[in-house]
file my_file.cif (mmCIF, C-alpha atoms)
data_structure
loop_
_atom_site.label_atom_id
_atom_site.label_comp_id
_atom_site.auth_asym_id
_atom_site.auth_seq_id
_atom_site.Cartn_x
_atom_site.Cartn_y
_atom_site.Cartn_z
CA MET A 1 0.00 0.00 0.00
CA ALA A 2 2.85 2.39 0.77
CA GLN A 3 4.40 1.76 -2.62
CA LYS A 4 1.05 2.30 -4.32
CA ALA A 5 0.53 5.60 -2.47
CA GLU A 6 4.03 6.72 -3.40
CA ARG A 7 3.38 5.97 -7.06
CA PHE A 8 0.05 7.80 -6.87
CA VAL A 9 1.62 10.96 -5.44
CA LEU A 10 4.54 10.83 -7.87
CA SER A 11 2.27 10.48 -10.90
CA ARG A 12 0.08 13.39 -9.77
CA LEU A 13 3.15 15.59 -9.29
CA ALA A 14 4.36 14.60 -12.76
CA TRP A 15 1.00 15.57 -14.29
CA LEU A 16 1.02 18.93 -12.51
CA GLY A 17 4.65 19.56 -13.42
CA SER A 18 4.16 18.88 -17.13
CA LEU A 19 1.03 21.07 -17.15
CA ALA A 20 2.89 23.93 -15.46
CA LEU A 21 5.71 23.66 -18.01
CA LEU A 22 3.25 23.81 -20.91
CA ILE A 23 1.63 26.92 -19.42
CA LEU A 24 5.11 28.45 -19.08
CA ALA A 25 5.82 27.63 -22.73
CA ILE A 26 2.65 29.41 -23.85
CA PHE A 27 3.54 32.43 -21.71
CA CYS A 28 7.05 32.56 -23.23
CA LEU A 29 5.62 32.41 -26.75
CA ILE A 30 3.35 35.35 -25.97
CA LEU A 31 6.42 37.32 -24.85
CA GLY A 32 8.32 36.27 -27.97
CA LYS A 33 10.88 34.14 -26.08
CA LEU A 34 11.45 31.25 -28.47
CA PHE A 35 14.24 29.34 -26.65
CA PRO A 36 12.55 29.41 -23.19
CA ALA A 37 9.31 28.21 -24.80
CA LEU A 38 11.13 25.39 -26.59
CA ALA A 39 13.00 24.41 -23.42
CA SER A 40 9.71 24.33 -21.47
CA VAL A 41 8.03 22.10 -24.04
CA VAL A 42 10.99 19.71 -24.14
CA THR A 43 11.14 19.53 -20.33
CA ALA A 44 7.39 18.84 -20.21
CA GLY A 45 8.02 15.99 -22.65
CA ILE A 46 10.76 14.64 -20.38
CA VAL A 47 8.35 14.59 -17.44
CA TRP A 48 5.60 13.09 -19.61
CA THR A 49 7.81 10.20 -20.78
CA SER A 50 9.52 9.61 -17.43
CA PRO A 51 8.91 6.50 -15.23
CA ALA A 52 6.83 8.71 -12.89
CA LEU A 53 3.84 8.15 -15.19
CA PRO A 54 2.90 4.44 -15.47
CA ARG A 55 2.75 2.95 -18.97
CA LEU A 56 0.76 -0.10 -19.99
CA ARG A 57 2.34 -0.69 -23.38
CA HIS A 58 5.50 0.05 -25.37
CA GLU A 59 7.54 0.90 -22.28
CA ARG A 60 10.82 0.71 -24.23
CA LEU A 61 9.61 3.24 -26.79
CA TRP A 62 8.67 5.67 -24.00
CA GLN A 63 12.09 5.18 -22.44
CA LEU A 64 13.83 5.85 -25.77
CA ALA A 65 11.73 8.99 -26.26
CA ASN A 66 12.68 10.16 -22.78
CA HIS A 67 16.40 9.74 -23.50
CA LEU A 68 16.13 11.59 -26.81
CA LEU A 69 14.29 14.48 -25.15
CA VAL A 70 17.04 14.77 -22.53
CA LEU A 71 19.60 15.05 -25.33
CA LEU A 72 17.41 17.62 -27.08
CA LEU A 73 17.17 19.70 -23.90
CA ALA A 74 20.97 19.74 -23.61
CA LEU A 75 21.21 20.96 -27.22
CA VAL A 76 18.57 23.65 -26.68
CA LEU A 77 20.26 24.99 -23.54
CA GLY A 78 23.68 24.89 -25.21
CA ALA A 79 22.40 26.76 -28.27
CA ALA A 80 20.63 29.34 -26.10
CA LEU A 81 23.83 29.92 -24.13
CA TRP A 82 25.94 30.45 -27.24
CA LEU A 83 23.34 32.84 -28.66
CA GLY A 84 23.27 34.86 -25.46
CA ASP A 85 19.73 34.01 -24.27
CA GLU A 86 20.22 35.04 -20.63
CA PRO A 87 16.90 33.74 -19.13
CA LEU A 88 17.93 30.15 -19.88
CA THR A 89 21.29 30.46 -18.12
CA TYR A 90 19.78 29.40 -14.81
CA TRP A 91 18.24 26.31 -16.41
CA LEU A 92 21.77 24.96 -16.72
CA TYR A 93 21.86 24.21 -12.99
CA ALA A 94 19.30 21.43 -13.48
CA LEU A 95 20.96 19.93 -16.58
CA PRO A 96 23.51 17.69 -14.75
CA LEU A 97 20.78 16.32 -12.46
CA ILE A 98 18.51 15.56 -15.42
CA ILE A 99 21.24 13.85 -17.45
CA LEU A 100 22.62 11.77 -14.57
CA GLY A 101 19.17 10.93 -13.24
CA LEU A 102 17.44 9.83 -16.44
CA LEU A 103 20.03 8.58 -18.92
CA PRO A 104 21.65 5.10 -18.73
CA PRO A 105 24.67 4.92 -16.38
CA ARG A 106 27.04 4.11 -19.25
CA LEU A 107 26.03 7.22 -21.22
CA ALA A 108 25.19 9.77 -18.52
CA PRO A 109 28.70 10.58 -17.14
CA ALA A 110 30.22 11.06 -20.61
CA LEU A 111 27.37 13.30 -21.77
CA THR A 112 27.53 15.32 -18.55
CA ILE A 113 31.26 15.95 -19.01
CA VAL A 114 30.85 16.95 -22.66
CA SER A 115 27.90 19.23 -21.87
CA MET A 116 29.66 20.95 -18.99
CA VAL A 117 32.85 21.51 -21.01
CA ILE A 118 30.82 23.19 -23.76
CA VAL A 119 28.90 25.26 -21.20
CA PHE A 120 32.05 26.42 -19.39
CA LEU A 121 33.68 27.36 -22.69
CA ALA A 122 30.62 29.38 -23.60
CA LEU A 123 30.57 31.06 -20.17
CA THR A 124 34.22 32.06 -20.37
CA SER A 125 33.44 33.92 -23.60
CA MET A 126 31.00 36.17 -21.70
CA ALA A 127 33.67 38.81 -21.06
CA GLY A 128 32.49 41.84 -19.11
CA ASP A 129 29.48 40.11 -17.56
CA PRO A 130 29.69 40.59 -13.76
CA GLN A 131 27.59 37.46 -13.16
CA ARG A 132 29.89 35.20 -15.17
CA HIS A 133 32.10 34.06 -12.27
CA GLN A 134 29.09 33.50 -10.01
CA ILE A 135 27.38 31.34 -12.63
CA ILE A 136 30.54 29.31 -13.29
CA SER A 137 31.20 28.58 -9.60
CA THR A 138 27.57 27.72 -8.87
CA LEU A 139 27.29 25.47 -11.94
CA ALA A 140 30.54 23.70 -11.02
CA LEU A 141 29.23 23.05 -7.50
CA THR A 142 25.89 21.79 -8.87
CA THR A 143 27.67 19.44 -11.27
CA ILE A 144 29.88 18.03 -8.50
CA LEU A 145 26.88 17.43 -6.22
CA ALA A 146 24.96 15.76 -9.06
CA GLY A 147 27.97 13.52 -9.71
CA LEU A 148 28.17 12.55 -6.02
CA PHE A 149 24.46 11.66 -5.95
CA PHE A 150 24.96 9.60 -9.11
CA LEU A 151 27.90 7.67 -7.59
CA LEU A 152 26.01 7.04 -4.34
CA ARG A 153 22.97 5.78 -6.25
CA GLU A 154 25.04 3.36 -8.35
CA HIS A 155 26.96 2.16 -5.29
CA LYS A 156 23.72 1.50 -3.41
CA ALA A 157 22.25 -0.35 -6.40
CA ARG A 158 25.29 -2.64 -6.58
CA GLN A 159 25.10 -3.37 -2.86
CA LEU A 160 21.41 -4.25 -3.02
CA VAL A 161 21.70 -6.65 -5.97
CA PRO A 162 22.83 -9.65 -3.86
CA LEU A 163 20.17 -8.88 -1.23
CA ARG A 164 17.24 -8.52 -3.62
CA ARG A 165 15.00 -11.52 -3.11
CA SER A 166 12.15 -10.40 -5.34
CA ASP A 167 11.63 -9.71 -9.01
CA GLU A 168 11.17 -5.97 -9.58
CA LEU A 169 8.26 -6.33 -12.02
CA THR A 170 6.15 -9.03 -10.40
CA GLN A 171 7.42 -9.01 -6.78
CA ALA A 172 7.87 -12.77 -7.06
CA ALA A 173 10.79 -14.31 -5.19
CA SER A 174 14.04 -14.34 -7.13
CA ARG A 175 14.89 -17.47 -9.07
CA GLU A 176 18.36 -17.62 -7.48
CA TYR A 177 16.76 -18.63 -4.17
CA LEU A 178 14.40 -21.26 -5.61
CA SER A 179 16.56 -24.38 -5.17
CA ALA A 180 17.60 -23.48 -1.61
CA ASP A 181 14.04 -22.61 -0.55
CA LEU A 182 12.62 -25.72 -2.22
CA TYR A 183 15.22 -27.90 -0.46
CA LYS A 184 14.27 -26.44 2.93
CA GLU A 185 10.56 -26.96 2.24
CA ILE A 186 11.15 -30.58 1.19
CA GLN A 187 13.10 -31.23 4.39
CA ARG A 188 10.34 -29.70 6.49
CA SER A 189 7.59 -31.68 4.72
CA GLU A 190 9.45 -34.97 5.15
CA ARG A 191 10.24 -34.20 8.78
CA GLU A 192 6.61 -33.36 9.64
CA GLY A 193 5.05 -35.94 7.32
CA LEU A 194 3.14 -33.37 5.27
CA ASP A 195 2.20 -33.32 1.62
CA MET A 196 3.77 -30.78 -0.68
CA SER A 197 3.24 -29.87 -4.33
CA VAL A 198 4.69 -27.48 -6.84
CA VAL A 199 2.86 -25.78 -9.70
CA LEU A 200 4.50 -24.30 -12.77
CA LEU A 201 2.33 -21.77 -14.60
CA GLY A 202 3.20 -20.84 -18.16
CA LEU A 203 1.64 -18.50 -20.68
CA ASP A 204 1.09 -20.14 -24.05
CA ALA A 205 2.47 -17.12 -25.89
CA HIS A 206 3.20 -19.18 -28.99
CA LEU A 207 -0.57 -19.54 -29.53
CA SER A 208 -1.15 -15.78 -29.68
CA GLU A 209 -0.42 -12.86 -31.96
CA PRO A 210 3.22 -11.79 -32.48
CA ASP A 211 2.74 -8.48 -30.60
CA ALA A 212 1.17 -10.12 -27.54
CA ASP A 213 4.54 -10.71 -25.87
CA THR A 214 5.22 -6.96 -25.63
CA ASP A 215 1.77 -6.34 -24.14
CA ILE A 216 2.23 -9.16 -21.62
CA GLN A 217 5.56 -7.69 -20.51
CA ALA A 218 3.75 -4.46 -19.68
CA LEU A 219 1.14 -6.44 -17.72
CA LEU A 220 3.65 -8.37 -15.58
CA PRO A 221 3.12 -6.15 -12.49
CA ARG A 222 -0.64 -6.82 -12.62
CA ILE A 223 -0.03 -10.54 -13.13
CA GLY A 224 2.23 -10.49 -10.08
CA ARG A 225 -0.38 -8.76 -7.94
CA TYR A 226 -3.02 -11.27 -9.05
CA LEU A 227 -0.87 -14.29 -8.17
CA HIS A 228 0.00 -12.77 -4.80
CA SER A 229 -3.70 -12.29 -4.01
CA ARG A 230 -4.53 -15.93 -4.86
CA LEU A 231 -1.89 -17.57 -2.65
CA ARG A 232 -1.69 -18.19 1.08
CA ASP A 233 0.73 -16.28 3.27
CA PHE A 234 3.06 -19.27 3.62
CA ASP A 235 3.02 -20.20 -0.09
CA THR A 236 6.04 -19.03 -2.04
CA TRP A 237 6.28 -18.31 -5.74
CA TYR A 238 9.08 -17.52 -8.15
CA ARG A 239 9.47 -16.07 -11.62
CA VAL A 240 11.57 -18.83 -13.19
CA ALA A 241 11.35 -17.62 -16.80
CA ASP A 242 10.04 -14.69 -18.76
CA LEU A 243 6.46 -15.98 -18.79
CA GLN A 244 6.63 -18.81 -16.22
CA PHE A 245 5.98 -18.86 -12.47
CA LEU A 246 6.68 -21.69 -10.04
CA ILE A 247 4.55 -21.96 -6.89
CA ILE A 248 5.40 -24.05 -3.81
CA LEU A 249 2.29 -25.28 -1.98
CA PRO A 250 3.16 -26.78 1.44
CA GLY A 251 0.62 -29.20 2.88
CA VAL A 252 -1.24 -29.64 -0.43
CA PRO A 253 -1.42 -33.03 -2.21
CA THR A 254 -1.25 -33.36 -5.98
CA ALA A 255 -5.03 -33.47 -6.49
CA GLY A 256 -5.55 -30.33 -4.43
CA ALA A 257 -2.70 -28.60 -6.23
CA SER A 258 -4.29 -29.43 -9.58
CA LYS A 259 -7.57 -27.83 -8.52
CA ARG A 260 -5.72 -24.80 -7.17
CA ALA A 261 -3.74 -24.51 -10.40
CA GLU A 262 -6.93 -24.66 -12.45
CA GLN A 263 -8.52 -21.84 -10.43
CA ILE A 264 -5.45 -19.66 -10.76
CA ARG A 265 -5.14 -20.48 -14.45
CA LEU A 266 -8.72 -19.45 -15.21
CA GLY A 267 -8.40 -16.25 -13.20
CA LEU A 268 -5.17 -15.37 -14.97
CA MET A 269 -6.80 -15.91 -18.36
CA ALA A 270 -9.68 -13.65 -17.32
CA LEU A 271 -7.16 -10.96 -16.39
CA LEU A 272 -5.47 -11.22 -19.78
CA GLU A 273 -8.81 -11.18 -21.60
CA SER A 274 -9.79 -7.97 -19.79
CA TYR A 275 -6.87 -6.33 -21.61
CA SER A 276 -7.90 -7.82 -24.96
CA LEU A 277 -5.09 -10.37 -24.96
CA ASP A 278 -6.05 -13.72 -26.48
CA VAL A 279 -3.43 -15.78 -24.63
CA THR A 280 -4.03 -19.15 -23.00
CA VAL A 281 -2.39 -20.41 -19.83
CA SER A 282 -1.18 -23.90 -18.96
CA ALA A 283 0.02 -25.40 -15.69
CA GLY A 284 2.13 -28.35 -14.66
CA VAL A 285 1.70 -29.98 -11.25
CA ALA A 286 4.07 -32.30 -9.39
CA GLY A 287 3.71 -33.70 -5.88
CA LEU A 288 6.53 -34.57 -3.48
CA ASN A 289 7.38 -38.27 -3.48
CA ILE A 290 9.95 -40.41 -1.72
CA GLY A 291 13.41 -39.75 -3.12
CA ASP A 292 12.57 -36.37 -4.61
CA ASP A 293 14.94 -33.47 -4.15
CA ALA A 294 14.81 -29.86 -5.34
CA ASP A 295 16.21 -30.70 -8.79
CA THR A 296 14.02 -33.72 -9.55
CA LEU A 297 10.88 -31.90 -8.37
CA GLN A 298 11.64 -28.96 -10.67
CA GLN A 299 12.31 -31.34 -13.56
CA SER A 300 9.03 -33.17 -12.96
CA VAL A 301 6.87 -30.05 -12.89
CA ALA A 302 8.68 -28.62 -15.93
CA SER A 303 8.02 -31.85 -17.84
CA ALA A 304 4.35 -31.69 -16.86
CA LEU A 305 4.02 -28.13 -18.16
CA GLN A 306 5.86 -29.01 -21.34
CA SER A 307 3.50 -31.93 -21.90
CA ALA A 308 0.47 -29.68 -21.39
CA GLN A 309 1.74 -27.15 -23.92
CA LYS A 310 2.62 -29.86 -26.45
CA LYS A 311 -1.01 -30.98 -26.31
CA GLY A 312 -2.18 -27.52 -27.34
CA GLY A 313 -2.01 -25.66 -24.05
CA ASN A 314 -4.90 -24.23 -22.05
CA ARG A 315 -4.91 -27.09 -19.54
CA VAL A 316 -3.49 -28.45 -16.27
CA GLN A 317 -1.19 -31.47 -16.46
CA SER A 318 -0.05 -33.61 -13.52
CA TRP A 319 3.21 -35.54 -13.40
CA SER A 320 3.04 -39.27 -12.68
CA THR A 321 5.77 -41.00 -10.70
CA TRP A 322 4.67 -44.45 -11.93
CA THR A 323 5.77 -43.92 -15.50
CA HIS A 324 8.25 -41.75 -17.30
CA THR A 325 5.53 -40.45 -19.61
CA PRO A 326 3.10 -37.78 -18.45
CA PRO A 327 -0.46 -38.93 -17.71
CA GLY A 328 -3.67 -37.54 -19.10
CA ASP A 329 -5.11 -34.13 -18.36
CA ALA A 330 -6.04 -33.17 -14.82
CA GLU A 331 -9.69 -33.57 -13.99
CA GLY A 332 -11.78 -30.50 -14.61
CA SER A 333 -9.25 -28.89 -16.96
CA PRO A 334 -10.89 -27.66 -20.16
CA VAL A 335 -9.27 -28.38 -23.48
CA THR A 336 -9.84 -25.91 -26.32
#
call {"tool": "encode", "arguments": {"input": "my_file.cif", "output": "structure tokens"}}
result
Amino acid sequence: MAQKAERFVLSRLAWLGSLALLILAIFCLILGKLFPALASVVTAGIVWTSPALPRLRHERLWQLANHLLVLLLALVLGAALWLGDEPLTYWLYALPLIILGLLPPRLAPALTIVSMVIVFLALTSMAGDPQRHQIISTLALTTILAGLFFLLREHKARQLVPLRRSDELTQAASREYLSADLYKEIQRSEREGLDMSVVLLGLDAHLSEPDADTDIQALLPRIGRYLHSRLRDFDTWYRVADLQFLIILPGVPTAGASKRAEQIRLGLMALLESYSLDVTVSAGVAGLNIGDDADTLQQSVASALQSAQKKGGNRVQSWSTWTHTPPGDAEGSPVT
């Protein structure tokens, strides 16, 4: 809930900020200030295409547009400085923060250095301007602070990578912890004499239109929230592939896991259909048997899902320990 509230406030501020910048652009045009108007429009576009506003589709295109607008803003401010447009001089203080905050880490430092070198060369040519030295010192301090914030952010991100146990898009547990967690759950089930099953959900993307994969990628956060709402507090789930999720169900036998998988599968299909995506969902189910370990249980449930998708998808398939070939469809699973 806190994350949702934070996103809500951030998106509202982004809307208000872009609207204020557009009003400023109109005001500058009325006064005949072309460069300030252009800079305001470009900055409004940067806010509009930033991650502050949630996107359902074509997230990569929005990100590319955002990066291009940042480059365009740097060009506009540089051109205004060389042409002596004084009102835009103070916009330069925000340029290092914008570049380092929005552009990729590999590109941002180099572009910041190039931009600041050009700006300082242009400022040194402003001979006779009493504000020149004040602008240069303030801009240098702003650039240094922006660089420090950038280094701290990257250092923190590197430190958090080994500690991140959840997928950023779906909030599912990270795949790196699956084998260890599954081993612990198997040990606990055998020690307490409890049943345990695993379910592997997979989207039959190969049955859909070519563009459906991009739309599904944009829907991954909603898919994650749906799966989280359908599971118990002590169930754990993992994003094991791009469009596959593995669920550990402690205390649930194979038959119960098949029914649970069917309910989740139908609900997930309804979610996709609500966004006009004609994509079916399959599920493989495997129960814990004597001699199973984390690897064999993952192999069994993966084989069950593969068998379901080979039969056309849109079904639940259970793995049989009595034969090396998968059995028939789970009871109650529709075949279309």
call {"tool": "atom_distance", "arguments": {"input": "my_file.cif", "atom1": "CA of Ile290 in chain A", "atom2": "CA of Ile186 in chain A"}}
result
10.3 Å
call {"tool": "resolve_selection", "arguments": {"input": "my_file.cif", "expression": "the PyMOL selection byres ((chain A and resi 178) around 9)", "output": "VMD selection string"}}
result
chain A and resid 173 to 177 179 to 183 237 to 238 240 246 294
call {"tool": "resolve_selection", "arguments": {"input": "my_file.cif", "expression": "the PyMOL selection byres ((chain A and resi 70-75) around 12)", "output": "number ranges by chain"}}
result
A: 35-50, 63-69, 76-82, 88, 91-104, 107-108, 111-116, 118-119
call {"tool": "atom_distance", "arguments": {"input": "my_file.cif", "atom1": "CA of Ser258 in chain A", "atom2": "CA of Trp319 in chain A"}}
result
10.4 Å
call {"tool": "atom_distance", "arguments": {"input": "my_file.cif", "atom1": "CA of Leu249 in chain A", "atom2": "CA of Leu305 in chain A"}}
result
16.5 Å
